[in-house]
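Pasting final_24.cif here (mmCIF, C-alpha atoms):
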data_coords
#
loop_
_atom_site.label_atom_id
_atom_site.label_comp_id
_atom_site.auth_asym_id
_atom_site.auth_seq_id
_atom_site.Cartn_x
_atom_site.Cartn_y
_atom_site.Cartn_z
CA MET V 49 117.79 52.35 -40.75
CA LYS V 50 114.76 53.78 -42.58
CA GLU V 51 115.53 51.62 -45.62
CA LYS V 52 115.80 48.51 -43.45
CA LEU V 53 112.52 49.25 -41.69
CA ALA V 54 110.85 49.93 -45.04
CA ALA V 55 112.11 46.59 -46.41
CA PHE V 56 110.76 44.76 -43.36
CA GLU V 57 107.41 46.55 -43.62
CA ARG V 58 107.23 45.58 -47.30
CA LEU V 59 107.66 41.91 -46.40
CA LEU V 60 104.96 42.15 -43.74
CA ASN V 61 102.57 43.73 -46.25
CA ILE V 62 103.33 41.03 -48.84
CA MET V 63 102.64 38.39 -46.18
CA ASP V 64 99.27 40.00 -45.49
CA ASP V 65 98.47 39.89 -49.23
CA LEU V 66 99.54 36.27 -49.61
CA ARG V 67 97.56 35.15 -46.60
CA ALA V 68 94.45 36.91 -47.89
CA LEU V 69 94.68 36.14 -51.59
CA CYS V 70 96.86 33.09 -52.32
CA PRO V 71 95.06 29.70 -52.04
CA TRP V 72 98.24 27.89 -50.98
CA ASP V 73 99.31 30.46 -48.39
CA LYS V 74 95.79 30.61 -46.93
CA GLU V 75 95.89 26.86 -46.24
CA GLN V 76 99.15 26.81 -44.32
CA THR V 77 99.32 26.15 -40.58
CA LEU V 78 102.10 26.15 -38.00
CA GLU V 79 102.32 22.39 -38.43
CA SER V 80 102.39 22.40 -42.24
CA LEU V 81 105.20 24.96 -42.27
CA ARG V 82 107.33 23.10 -39.73
CA TYR V 83 109.01 20.59 -42.03
CA LEU V 84 109.57 23.28 -44.67
CA THR V 85 111.33 25.44 -42.07
CA ILE V 86 113.57 22.52 -41.12
CA GLU V 87 114.45 22.06 -44.80
CA GLU V 88 115.25 25.77 -45.20
CA THR V 89 117.46 25.67 -42.11
CA TYR V 90 119.50 22.81 -43.55
CA GLU V 91 119.79 24.65 -46.87
CA LEU V 92 121.16 27.68 -45.01
CA SER V 93 123.59 25.42 -43.16
CA GLU V 94 124.82 23.98 -46.46
CA SER V 95 125.37 27.44 -47.94
CA ILE V 96 127.34 28.45 -44.84
CA LEU V 97 129.60 25.40 -45.11
CA ASP V 98 130.10 26.12 -48.82
CA LYS V 99 130.91 29.77 -48.00
CA ASP V 100 128.31 30.69 -50.62
CA MET V 101 127.44 34.26 -49.65
CA ASP V 102 124.75 34.63 -52.32
CA GLY V 103 123.25 31.35 -51.14
CA ILE V 104 123.35 32.50 -47.52
CA LYS V 105 121.54 35.71 -48.46
CA LYS V 106 118.86 33.75 -50.32
CA GLU V 107 118.34 31.18 -47.58
CA LEU V 108 118.16 33.88 -44.91
CA GLY V 109 115.39 35.45 -46.94
CA ASP V 110 113.54 32.14 -47.09
CA LEU V 111 113.86 31.73 -43.33
CA MET V 112 112.76 35.33 -42.75
CA LEU V 113 109.63 34.59 -44.75
CA HIS V 114 108.91 31.61 -42.51
CA LEU V 115 109.34 33.70 -39.36
CA VAL V 116 106.95 36.33 -40.67
CA PHE V 117 104.54 33.57 -41.75
CA TYR V 118 104.47 32.04 -38.26
CA ALA V 119 103.92 35.48 -36.71
CA LYS V 120 101.05 36.15 -39.13
CA ILE V 121 99.34 32.89 -38.17
CA GLY V 122 99.91 33.72 -34.50
CA SER V 123 98.21 37.09 -34.98
CA GLU V 124 95.22 35.42 -36.62
CA THR V 125 94.74 33.09 -33.66
CA GLY V 126 95.23 35.95 -31.22
CA HIS V 127 98.22 34.35 -29.49
CA PHE V 128 101.00 36.70 -30.66
CA ASP V 129 102.04 38.92 -33.53
CA ILE V 130 105.34 40.06 -35.03
CA LYS V 131 105.65 42.86 -32.45
CA ASP V 132 105.34 40.36 -29.62
CA VAL V 133 108.00 38.19 -31.24
CA LEU V 134 110.44 41.07 -31.69
CA ASP V 135 109.77 42.53 -28.24
CA GLY V 136 110.29 39.10 -26.71
CA ILE V 137 113.70 38.51 -28.25
CA SER V 138 114.80 42.07 -27.49
CA GLU V 139 113.91 41.71 -23.81
CA LYS V 140 115.63 38.33 -23.66
CA LEU V 141 118.84 39.74 -25.14
CA ILE V 142 118.85 42.66 -22.72
CA HIS V 143 118.26 40.35 -19.76
CA ARG V 144 120.97 37.90 -20.79
CA HIS V 145 123.60 40.55 -21.47
CA PRO V 146 124.00 42.21 -18.06
CA HIS V 147 127.59 43.05 -19.00
CA ILE V 148 126.13 45.38 -21.66
CA TYR V 149 122.87 46.54 -20.07
CA GLY V 150 123.84 46.18 -16.41
CA ASN V 151 126.79 46.24 -14.04
CA VAL V 152 128.18 42.73 -14.54
CA LYS V 153 131.87 42.53 -15.49
CA VAL V 154 133.22 39.87 -17.85
CA ASN V 155 136.72 38.97 -19.00
CA GLY V 156 135.86 37.44 -22.35
CA ALA V 157 133.49 35.34 -24.43
CA GLU V 158 133.71 32.36 -22.06
CA ASP V 159 132.40 34.43 -19.16
CA VAL V 160 129.54 35.64 -21.35
CA GLU V 161 128.64 32.07 -22.28
CA ASN V 162 128.75 30.89 -18.67
CA ASN V 163 126.61 33.83 -17.49
CA TRP V 164 124.13 33.12 -20.27
CA GLU V 165 123.56 29.56 -19.05
CA LYS V 166 123.26 30.63 -15.41
CA ILE V 167 120.71 33.30 -16.31
CA LYS V 168 118.72 30.81 -18.40
CA LEU V 169 118.64 28.41 -15.48
CA GLY V 170 116.94 31.08 -13.36
CA GLU V 171 114.29 31.83 -15.97
CA LYS V 172 110.83 30.21 -15.98
CA ASP V 173 111.76 28.05 -12.98
CA ARG V 174 113.84 25.86 -15.28
CA LYS V 175 114.39 22.59 -13.41
CA SER V 176 117.46 21.40 -15.31
CA VAL V 177 120.45 22.93 -17.03
CA LEU V 178 119.64 20.56 -19.88
CA GLY V 179 116.02 21.69 -20.09
CA GLY V 180 116.71 24.01 -23.02
CA VAL V 181 118.14 21.28 -25.27
CA PRO V 182 115.42 20.18 -27.74
CA LEU V 183 114.81 16.43 -27.67
CA SER V 184 114.41 16.41 -31.46
CA LEU V 185 117.94 17.68 -32.19
CA PRO V 186 120.20 15.33 -34.18
CA SER V 187 122.20 13.23 -31.72
CA MET V 188 125.59 14.80 -32.46
CA VAL V 189 124.28 18.34 -32.14
CA LYS V 190 122.40 17.37 -28.97
CA ALA V 191 125.55 15.93 -27.37
CA TYR V 192 127.52 19.07 -28.25
CA ARG V 193 124.83 21.36 -26.83
CA MET V 194 124.48 19.32 -23.62
CA GLN V 195 128.22 19.55 -23.07
CA GLN V 196 128.11 23.30 -23.63
CA LYS V 197 125.20 23.65 -21.20
CA VAL V 198 126.82 21.80 -18.30
CA LYS V 199 130.09 23.65 -18.91
CA GLY V 200 128.19 26.85 -18.12
CA VAL V 201 127.66 25.68 -14.53
CA GLY V 202 131.19 24.32 -14.07
CA PHE V 203 130.69 20.63 -14.92
CA ASP V 204 133.52 20.13 -17.37
CA TRP V 205 136.96 18.66 -17.87
CA GLU V 206 140.05 20.61 -16.88
CA SER V 207 141.91 20.32 -20.17
CA ALA V 208 141.88 18.87 -23.67
CA ASP V 209 144.55 16.35 -22.59
CA ASP V 210 142.19 14.98 -19.95
CA VAL V 211 139.44 14.58 -22.53
CA TRP V 212 141.81 12.84 -24.94
CA LYS V 213 142.75 10.34 -22.21
CA LYS V 214 139.04 9.63 -21.87
CA VAL V 215 138.80 9.09 -25.64
CA ILE V 216 141.63 6.54 -25.49
CA GLU V 217 139.96 4.85 -22.53
CA GLU V 218 136.69 4.57 -24.44
CA ILE V 219 138.48 3.15 -27.50
CA GLU V 220 140.01 0.41 -25.36
CA GLU V 221 136.64 -0.38 -23.77
CA LEU V 222 135.04 -0.58 -27.21
CA LYS V 223 137.76 -2.94 -28.44
CA VAL V 224 137.07 -5.26 -25.49
CA GLU V 225 133.32 -5.35 -26.20
CA VAL V 226 133.87 -5.86 -29.94
CA LYS V 227 135.99 -8.88 -29.04
CA ASN V 228 133.36 -10.14 -26.57
CA GLY V 229 130.63 -9.75 -29.19
CA ASP V 230 127.76 -8.51 -27.01
CA PRO V 231 125.67 -6.29 -29.38
CA GLN V 232 124.24 -4.05 -26.63
CA LYS V 233 127.60 -3.48 -24.94
CA LYS V 234 129.24 -2.73 -28.29
CA GLU V 235 126.57 -0.12 -28.98
CA ASP V 236 126.95 1.37 -25.49
CA GLU V 237 130.72 1.67 -25.77
CA PHE V 238 130.53 3.09 -29.28
CA GLY V 239 128.11 5.73 -28.01
CA ASP V 240 130.48 6.56 -25.14
CA LEU V 241 133.35 6.92 -27.60
CA MET V 242 131.33 9.22 -29.85
CA PHE V 243 130.33 11.38 -26.87
CA SER V 244 133.98 11.64 -25.78
CA LEU V 245 135.13 12.57 -29.29
CA ILE V 246 132.50 15.30 -29.44
CA ASN V 247 133.74 16.56 -26.09
CA TYR V 248 137.31 16.60 -27.40
CA ALA V 249 136.22 18.46 -30.52
CA ARG V 250 134.68 21.13 -28.28
CA PHE V 251 137.93 21.49 -26.35
CA ILE V 252 139.99 22.01 -29.51
CA ASP V 253 137.45 24.50 -30.93
CA VAL V 254 136.11 22.22 -33.66
CA ASN V 255 132.38 21.95 -34.27
CA PRO V 256 131.92 18.18 -34.76
CA GLU V 257 128.74 18.53 -36.82
CA ASP V 258 130.43 20.93 -39.26
CA ALA V 259 133.57 18.80 -39.39
CA LEU V 260 131.65 15.62 -40.19
CA GLU V 261 129.49 17.32 -42.81
CA LYS V 262 132.58 18.70 -44.55
CA THR V 263 134.03 15.18 -44.56
CA ASN V 264 130.74 13.89 -45.98
CA LYS V 265 130.96 16.42 -48.80
CA LYS V 266 134.60 15.52 -49.43
CA PHE V 267 133.81 11.81 -49.53
CA ALA V 268 130.87 12.34 -51.90
CA LYS V 269 132.97 14.48 -54.24
CA ARG V 270 135.76 11.89 -54.41
CA PHE V 271 133.41 8.96 -54.87
CA LYS V 272 131.53 10.74 -57.65
CA TYR V 273 134.90 11.20 -59.38
CA ILE V 274 135.41 7.42 -59.19
CA GLU V 275 131.98 6.93 -60.76
CA GLU V 276 132.77 9.42 -63.53
CA GLN V 277 136.06 7.73 -64.35
CA ALA V 278 134.49 4.29 -64.30
CA LYS V 279 131.87 5.47 -66.76
CA LYS V 280 134.52 6.98 -69.05
CA ASN V 281 136.33 3.66 -69.07
CA ASP V 282 133.16 1.60 -69.58
CA ARG V 283 133.81 -0.23 -66.33
CA PRO V 284 130.87 -0.90 -64.00
CA LEU V 285 131.90 -0.16 -60.42
CA LYS V 286 130.95 -3.67 -59.35
CA GLU V 287 133.53 -5.08 -61.77
CA MET V 288 136.36 -2.84 -60.56
CA THR V 289 138.79 -3.97 -57.90
CA LEU V 290 139.34 -1.89 -54.78
CA GLU V 291 142.86 -1.19 -56.01
CA GLU V 292 141.51 0.24 -59.27
CA MET V 293 139.05 2.44 -57.41
CA ASP V 294 141.83 3.61 -55.08
CA VAL V 295 143.75 4.96 -58.08
CA PHE V 296 140.86 7.27 -58.96
CA TRP V 297 140.28 8.11 -55.29
CA ASN V 298 143.87 9.30 -54.97
CA GLU V 299 143.56 11.26 -58.20
CA ALA V 300 140.55 13.07 -56.73
CA LYS V 301 142.54 13.80 -53.55
CA GLY V 302 145.37 15.17 -55.68
CA PHE V 303 143.02 17.60 -57.45
CA GLU V 304 141.96 19.01 -54.07
CA LEU V 305 145.55 19.86 -53.21
CA LYS V 306 146.13 21.88 -56.38
#
Translate the structure described by the file into structure tokens.
Amino acid sequence: MKEKLAAFERLLNIMDDLRALCPWDKEQTLESLRYLTIEETYELSESILDKDMDGIKKELGDLMLHLVFYAKIGSETGHFDIKDVLDGISEKLIHRHPHIYGNVKVNGAEDVENNWEKIKLGEKDRKSVLGGVPLSLPSMVKAYRMQQKVKGVGFDWESADDVWKKVIEEIEELKVEVKNGDPQKKEDEFGDLMFSLINYARFIDVNPEDALEKTNKKFAKRFKYIEEQAKKNDRPLKEMTLEEMDVFWNEAKGFELK
């Protein structure tokens, strides 16, 4: 523990030095750091999906720097410092884990999750279960989090089969609106279908955001292979038939299976 505390103290001291001596660091504000923090978060997410442990370690360090940076700025304005930040999260964790720090009994992770949402609802006079879902979240992540939130207070489907029936129902409704051709109704039904699919993913323990991003990576890798092969054969992609591109696509799929 002493080594860990010493490492954290070293980072805090470096932050003090940078803020006092580095022209770039002195100019930064909470707002100027915001977009950089978002970028670092996505880089961490990518390393996690790639199972790149060295990358995860590096990106965690970058995010840790940002957290310390925000706390340093907060201390300069007199609003909070790193101690306030750490004390705040510690108190929150103790309060939201009454099965560890109190007398509440739980039967598994699902009970913990449900208790967490109920406790949150009682904090700060929160008016809605959905109040803790940031409006700026990407739509798929937001849908997933909203579904998790309402599940915590019992508003959920009974089974995965029930959700799948809803998916099929939404597909049929979308097909009708595609045939009718009303742009707004097509968009509405497509949104309903997406929401239902995200719900189904939750029921079968699949994170839809992770699943889609892995498919994105897979698609990009296969398509880049097509581009490489086209270049080797001196064939511009625009001059290749779909059948010719499919040959290379299937080759790329075959390599993944080996």
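Between CA of Leu141 in chain V and CA of Glu171 in chain V the separation is 12.9 Å.
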**Complete:** Counting only C-alpha atoms, the residue among V:Phe267, V:Lys214, V:Ala191, V:Lys175 that lies closest to Arg250 in chain V is V:Ala191
**Nearby residues (only C-alpha atoms) at most 9 Å from Leu81 in chain V, same-chain spacing under 6 positions excluded, as a list of chain:residue names** = V:His114, V:Phe117, V:Tyr118
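Restricting the calculation to all atoms listed in the file, the smallest distance between Ile246 in chain V and any of V:Arg82, V:Lys269, V:Lys190, V:Lys166 is found for V:Lys190.
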**From V:Leu108, V:Cys70, V:Met101, V:Leu178, residue lying nearest Thr85 in chain V [all atoms listed in the file]** =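 Among V:Leu108, V:Cys70, V:Met101, V:Leu178, it is V:Leu108 that comes nearest to Thr85 in chain V.
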**Item:** Two-atom distance - CA of His147 in chain V, CA of Leu115 in chain V (Å)
**Value:**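 So the two atoms, CA of His147 in chain V and CA of Leu115 in chain V, lie 28.9 Å apart.
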**Asked** To one decimal place, how far is CA of Gly122 in chain V from CA of Glu79 in chain V in Å?
**Response**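 Calculated distance between CA of Gly122 in chain V and CA of Glu79 in chain V is 12.2 Å.
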**Request:** Write out as a list in words the residues lying within 10 Å of range 291-304 of chain V, counting all atoms listed in the file and excluding same-chain residues fewer than 4 positions away.
**Result:**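 Near neighbours after the sequence-gap exclusion: Lys266, Phe267, Lys269, Arg270, Phe271, Lys272, Tyr273, Ile274, Glu275, Glu276, Gln277, Ala278, Leu285 and Glu287 of chain V.
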**Request:** For Ile104 in chain V, please output as a PyMOL selection string all residues within 9 Å (counting all atoms listed in the file; exclusion window: fewer than 5 positions along the same chain).
**Result:** chain V and resi 91-96+99+109
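Proximity to Phe238 in chain V was assessed for V:Leu222, V:Met49, V:Ile167, V:Leu69 counting all atoms listed in the file; the smallest distance is recorded for V:Leu222.
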Could you pull the residues within 12 Å of Lys197 in chain V, counting all atoms listed in the file, minus those fewer than 6 positions along the same chain, as an mmCIF file with C-alpha atoms, in the coordinates of the input?
data_model
loop_
_atom_site.group_PDB
_atom_site.id
_atom_site.type_symbol
_atom_site.label_atom_id
_atom_site.label_comp_id
_atom_site.auth_asym_id
_atom_site.auth_seq_id
_atom_site.Cartn_x
_atom_site.Cartn_y
_atom_site.Cartn_z
ATOM 1 C CA GLU V 161 128.640 32.070 -22.280
ATOM 2 C CA ASN V 162 128.750 30.890 -18.670
ATOM 3 C CA ASN V 163 126.610 33.830 -17.490
ATOM 4 C CA TRP V 164 124.130 33.120 -20.270
ATOM 5 C CA GLU V 165 123.560 29.560 -19.050
ATOM 6 C CA LYS V 166 123.260 30.630 -15.410
ATOM 7 C CA ILE V 167 120.710 33.300 -16.310
ATOM 8 C CA LYS V 168 118.720 30.810 -18.400
ATOM 9 C CA LEU V 169 118.640 28.410 -15.480
ATOM 10 C CA SER V 176 117.460 21.400 -15.310
ATOM 11 C CA VAL V 177 120.450 22.930 -17.030
ATOM 12 C CA LEU V 178 119.640 20.560 -19.880
ATOM 13 C CA GLY V 179 116.020 21.690 -20.090
ATOM 14 C CA GLY V 180 116.710 24.010 -23.020
ATOM 15 C CA VAL V 181 118.140 21.280 -25.270
ATOM 16 C CA LYS V 190 122.400 17.370 -28.970
ATOM 17 C CA ALA V 191 125.550 15.930 -27.370
ATOM 18 C CA PHE V 203 130.690 20.630 -14.920
ATOM 19 C CA ASP V 204 133.520 20.130 -17.370
#
Ground truth for the PyMOL selection byres ((chain V and resi 255) around 12), written as a compact mmCIF listing (two decimals) with C-alpha atoms, keeping the file's coordinate frame:
# COMPACT_ATOMS: atom_id res chain seq x y z
CA LEU V 97 129.60 25.40 -45.11
CA MET V 188 125.59 14.80 -32.46
CA VAL V 189 124.28 18.34 -32.14
CA ALA V 191 125.55 15.93 -27.37
CA TYR V 192 127.52 19.07 -28.25
CA ARG V 193 124.83 21.36 -26.83
CA GLN V 196 128.11 23.30 -23.63
CA LEU V 245 135.13 12.57 -29.29
CA ILE V 246 132.50 15.30 -29.44
CA ASN V 247 133.74 16.56 -26.09
CA TYR V 248 137.31 16.60 -27.40
CA ALA V 249 136.22 18.46 -30.52
CA ARG V 250 134.68 21.13 -28.28
CA PHE V 251 137.93 21.49 -26.35
CA ILE V 252 139.99 22.01 -29.51
CA ASP V 253 137.45 24.50 -30.93
CA VAL V 254 136.11 22.22 -33.66
CA PRO V 256 131.92 18.18 -34.76
CA GLU V 257 128.74 18.53 -36.82
CA ASP V 258 130.43 20.93 -39.26
CA ALA V 259 133.57 18.80 -39.39
CA LEU V 260 131.65 15.62 -40.19
CA GLU V 261 129.49 17.32 -42.81
CA LYS V 262 132.58 18.70 -44.55
**Asked** Of the residues V:Ala68, V:Leu111, V:Ile137, V:Ile62, which is the one nearest to Thr89 in chain V, using all atoms listed in the file?
**Response**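 Between V:Ala68, V:Leu111, V:Ile137, V:Ile62, the residue approaching Thr89 in chain V most closely is V:Leu111.
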**Asked** So, counting all atoms listed in the file, which residue among V:Glu221, V:Asp98, V:Met288, V:Leu53 is closest to Lys265 in chain V?
**Response**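 Looking only at the distances to Lys265 in chain V, the closest residue turns out to be V:Asp98.
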Who sits within 7 Å of Asp240 in chain V, all atoms listed in the file, same chain under 4 positions skipped, as a PDB file with C-alpha atoms, keeping the file's coordinate frame:
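Writing the result to selection-v5.pdb gives the following:
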ATOM      1  CA  GLU V 218     136.690   4.570 -24.440  1.00  0.00           C
ATOM      2  CA  ASP V 236     126.950   1.370 -25.490  1.00  0.00           C
ATOM      3  CA  SER V 244     133.980  11.640 -25.780  1.00  0.00           C
TER       4      SER V 244
END
